[in-house]
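Heads up: the structure comes next, in structure tokens.
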Amino acid sequence: MDLVLLGLGLAGLVFGGDMLVRGASDLARRAGLPPLVIGLTLVGFGTSTPELVTSLQAAYLGSPGIAVGNVVGSNIANILLILGAAAVLAPIAIDKTAFRRDGLVLALSTLLCAVMILYGQLTPLFGAVFILALLAYLAFTVWSGLKTPQAAGEAPDDAAQDTALIPVWRDIAFFVGGLVLTILGARFFVTGAISVAEFLGVSEAVIGLTVVAVGTSLPELVTTLAAARRKQADIAFGNIVGSNIFNVLFILGATALVNPIEVPRSIQSFDVWVMCAVTALLLVFSVTRWRISRIEGGVFLLGYAGYIGWLALGA
């Protein structure tokens, strides 16, 4: 039954998140919002919804290992597993201009996350700092993006034309239905994960860092691999960097504001350092030749296999 709950919860997170993003994006286009703003805010928030709702549900149910492990584990999996697999499929070129901005924000947000975890508690003060930092990042990115010729141009928007052919009630139904599915899916997923951890005799932190983290990262996995297969390296790389920034500033920030929790000792002593190390490795690989090669992607995948193996031995 616990495995059934996990499966139902995962399906709700994946399909609900997709419906939520589609409905919100189409409604925003109807309102005349620029594609840049839609992609950065609604789609960014939408693809992070599974992680957000899962962490909030876990904090509410008194499972800090899942709440914090979900974010730390997702950031590790995004780089080592998802970006590694994408780079093995096709080498990923790095946009220097975007990297100088987003890479710096990724490094700073990871450092902030480490400080909070080592402090030992998600407090409302940390949550407020994270949310304010996220709003500043979004405002600066939109401002700088709107100055570019692509953002300011009046090129036809095929997506907007397609949206005009869809009844507005369907967009609303997708948005509301996706939100409900995501919330219910997170509840089932967290409940199943807690029960599985108890049955296997492992800590909730390990379940949060592995099963829950990878499960809630499926939207990023699908998007990144599809972008890599279509040779859209900027989308593949930007999706991972943006997701990791949102995971820290948005999800941990919102969780700390809503329900302060203690950070498990195991995450303090080991997993946070892994997250910092793989983020630093990503930054180094990115600036060496402004690309992530297949060999470097293989290094990421081997690193993730080693990390999961270490957690399994510890469990």
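Residues are referred to by chain and number: the chain letter is A, B, ... according to the order shown in the structure tokens, the number counts from 1 in that chain, and ligands are numbered separately from 1 in the order shown.
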
(request) Check range 152-311 of chain A with DSSP on the backbone and list each residue it calls strand (DSSP E or B), as a list in words. (result)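 Reading the DSSP output for range 152-311 of chain A, strand (DSSP E or B) covers Ile261, Glu262, Arg291 and Ile292 of chain A.
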
(request) Mind the document's chain letters and residue numbers, and return as a VMD selection string the residues of range 6-134 of chain A that DSSP labels alpha helix (DSSP H). (result) chain A and resid 6 to 30 35 to 37 44 to 60 64 to 77 84 to 89 96 to 119 124 to 134

(request) Compare A:Leu225, A:Leu52, A:Ala77, A:Leu10 by their minimum atom-to-atom distance to Thr210 in chain A, counting only C-alpha atoms, and give me the closest one. (result) A:Ala77

(message) Just the number, please: distance in Å from CA of Ala193 in chain A to CA of Leu311 in chain A, one decimal.
(response) 16.2 Å

(request) Name the residues in contact with Gly303 in chain A at a cut-off of 9 Å, using only C-alpha atoms, excluding same-chain residues fewer than 4 positions from it; report them as a list in words. (result)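 Listing them by chain and then by number gives Leu80, Leu81, Val278, Gly298, Val299, Tyr307 and Ile308 of chain A.
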
Shell around Leu184 in chain A at 12 Å using only C-alpha atoms, local window under 4 positions removed, as a short mmCIF file (atom, residue, chain, number, x, y, z; two decimals) with C-alpha atoms, in the first residue's frame:
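result_31.cif, written as the output of this step:
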data_model
loop_
_atom_site.label_atom_id
_atom_site.label_comp_id
_atom_site.auth_asym_id
_atom_site.auth_seq_id
_atom_site.Cartn_x
_atom_site.Cartn_y
_atom_site.Cartn_z
CA LEU A 5 0.79 5.75 -2.35
CA LEU A 6 4.26 6.57 -3.67
CA LEU A 8 -0.04 7.72 -7.02
CA GLY A 9 1.74 10.65 -5.41
CA LEU A 10 4.48 10.69 -8.04
CA ALA A 11 1.93 10.56 -10.86
CA GLY A 12 0.02 13.43 -9.28
CA LEU A 13 3.19 15.52 -8.94
CA VAL A 14 4.30 14.93 -12.55
CA PHE A 15 0.96 15.38 -14.30
CA GLY A 16 -0.26 18.05 -11.92
CA GLY A 17 2.92 20.11 -12.35
CA PRO A 50 6.33 19.54 -6.81
CA VAL A 53 4.41 21.34 -2.01
CA THR A 54 6.33 18.21 -1.02
CA GLN A 57 3.70 18.87 3.38
CA GLY A 177 -6.76 20.84 -11.79
CA GLY A 178 -2.97 20.91 -11.88
CA LEU A 179 -2.81 22.69 -8.52
CA VAL A 180 -5.18 20.16 -6.89
CA PHE A 188 0.37 10.82 -0.99
CA PHE A 189 4.06 10.90 -1.93
CA VAL A 190 5.24 12.18 1.45
CA THR A 191 2.98 9.80 3.38
#

So that I can check the surroundings of Arg22 in chain A, please list as a PDB file with N, CA and C atoms, in the first residue's frame every protein, DNA and RNA residue that reaches within 8 Å of it, counting only C-alpha atoms and ignoring chain neighbours fewer than 3 positions away.
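Okay, selection02.pdb is ready:
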ATOM      1  N   ASP A  18       2.731  19.546 -14.719  1.00  0.00           N
ATOM      2  CA  ASP A  18       2.651  19.861 -16.149  1.00  0.00           C
ATOM      3  C   ASP A  18       1.378  20.638 -16.466  1.00  0.00           C
ATOM      4  N   MET A  19       0.248  20.200 -15.916  1.00  0.00           N
ATOM      5  CA  MET A  19      -1.018  20.912 -16.144  1.00  0.00           C
ATOM      6  C   MET A  19      -0.968  22.322 -15.585  1.00  0.00           C
ATOM      7  N   SER A  25       0.758  29.389 -17.984  1.00  0.00           N
ATOM      8  CA  SER A  25       1.428  30.036 -19.106  1.00  0.00           C
ATOM      9  C   SER A  25       0.420  30.574 -20.111  1.00  0.00           C
ATOM     10  N   ASP A  26      -0.608  29.775 -20.427  1.00  0.00           N
ATOM     11  CA  ASP A  26      -1.605  30.219 -21.406  1.00  0.00           C
ATOM     12  C   ASP A  26      -2.421  31.399 -20.868  1.00  0.00           C
ATOM     13  N   ASP A 171      -8.037  26.606 -20.007  1.00  0.00           N
ATOM     14  CA  ASP A 171      -6.816  27.051 -19.322  1.00  0.00           C
ATOM     15  C   ASP A 171      -7.036  27.108 -17.817  1.00  0.00           C
ATOM     16  N   PHE A 174      -7.117  23.595 -16.452  1.00  0.00           N
ATOM     17  CA  PHE A 174      -5.773  23.036 -16.352  1.00  0.00           C
ATOM     18  C   PHE A 174      -5.051  23.592 -15.126  1.00  0.00           C
ATOM     19  N   PHE A 175      -5.174  24.893 -14.906  1.00  0.00           N
ATOM     20  CA  PHE A 175      -4.486  25.527 -13.781  1.00  0.00           C
ATOM     21  C   PHE A 175      -5.007  24.990 -12.448  1.00  0.00           C
TER      22      PHE A 175
END

(request) Find the residues around Ala107 in chain A up to 9 Å (only C-alpha atoms counted), leave out those fewer than 5 positions away in its own chain, and share them as JSON, numbers by chain. (result) {"A": [102, 112, 245, 276, 279, 280, 283]}

Could the residues in this selection be saved with N, CA and C atoms as a compact mmCIF listing (two decimals), in the first residue's frame?
# COMPACT_ATOMS: atom_id res chain seq x y z
N ASP A 102 23.68 34.21 -13.81
CA ASP A 102 23.01 33.10 -13.14
C ASP A 102 24.00 32.21 -12.38
N LEU A 112 24.29 30.51 0.78
CA LEU A 112 23.26 30.86 1.75
C LEU A 112 22.59 29.62 2.32
N ILE A 245 18.42 27.36 -8.19
CA ILE A 245 18.23 28.66 -7.52
C ILE A 245 16.84 28.72 -6.89
N CYS A 276 27.48 21.55 -2.09
CA CYS A 276 28.42 22.64 -2.37
C CYS A 276 29.51 22.19 -3.33
N THR A 279 28.15 21.76 -6.93
CA THR A 279 27.88 23.08 -7.51
C THR A 279 29.17 23.74 -7.95
N ALA A 280 30.22 23.65 -7.11
CA ALA A 280 31.52 24.20 -7.48
C ALA A 280 32.08 23.49 -8.71
N LEU A 283 30.42 24.82 -11.82
CA LEU A 283 30.94 26.13 -12.20
C LEU A 283 32.31 26.01 -12.86

(message) Counting only C-alpha atoms, which residue out of A:Arg291, A:Arg265, A:Arg29, A:Arg101 sits closest to Val68 in chain A?
(response)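 Residue with the minimum atom-to-atom distance to Val68 in chain A: A:Arg265.
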
(request) Record the distance separating CA of Arg229 in chain A and CA of Phe300 in chain A, expressed in Å with one decimal. (result)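 Value for the CA of Arg229 in chain A-CA of Phe300 in chain A distance: 18.1 Å.
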
(message) Show me, as a PyMOL selection string, the residues that have an atom within 6 Å of Ile76 in chain A when counting only C-alpha atoms, minus same-chain residues fewer than 3 positions from it.
(response) chain A and resi 73+79+275
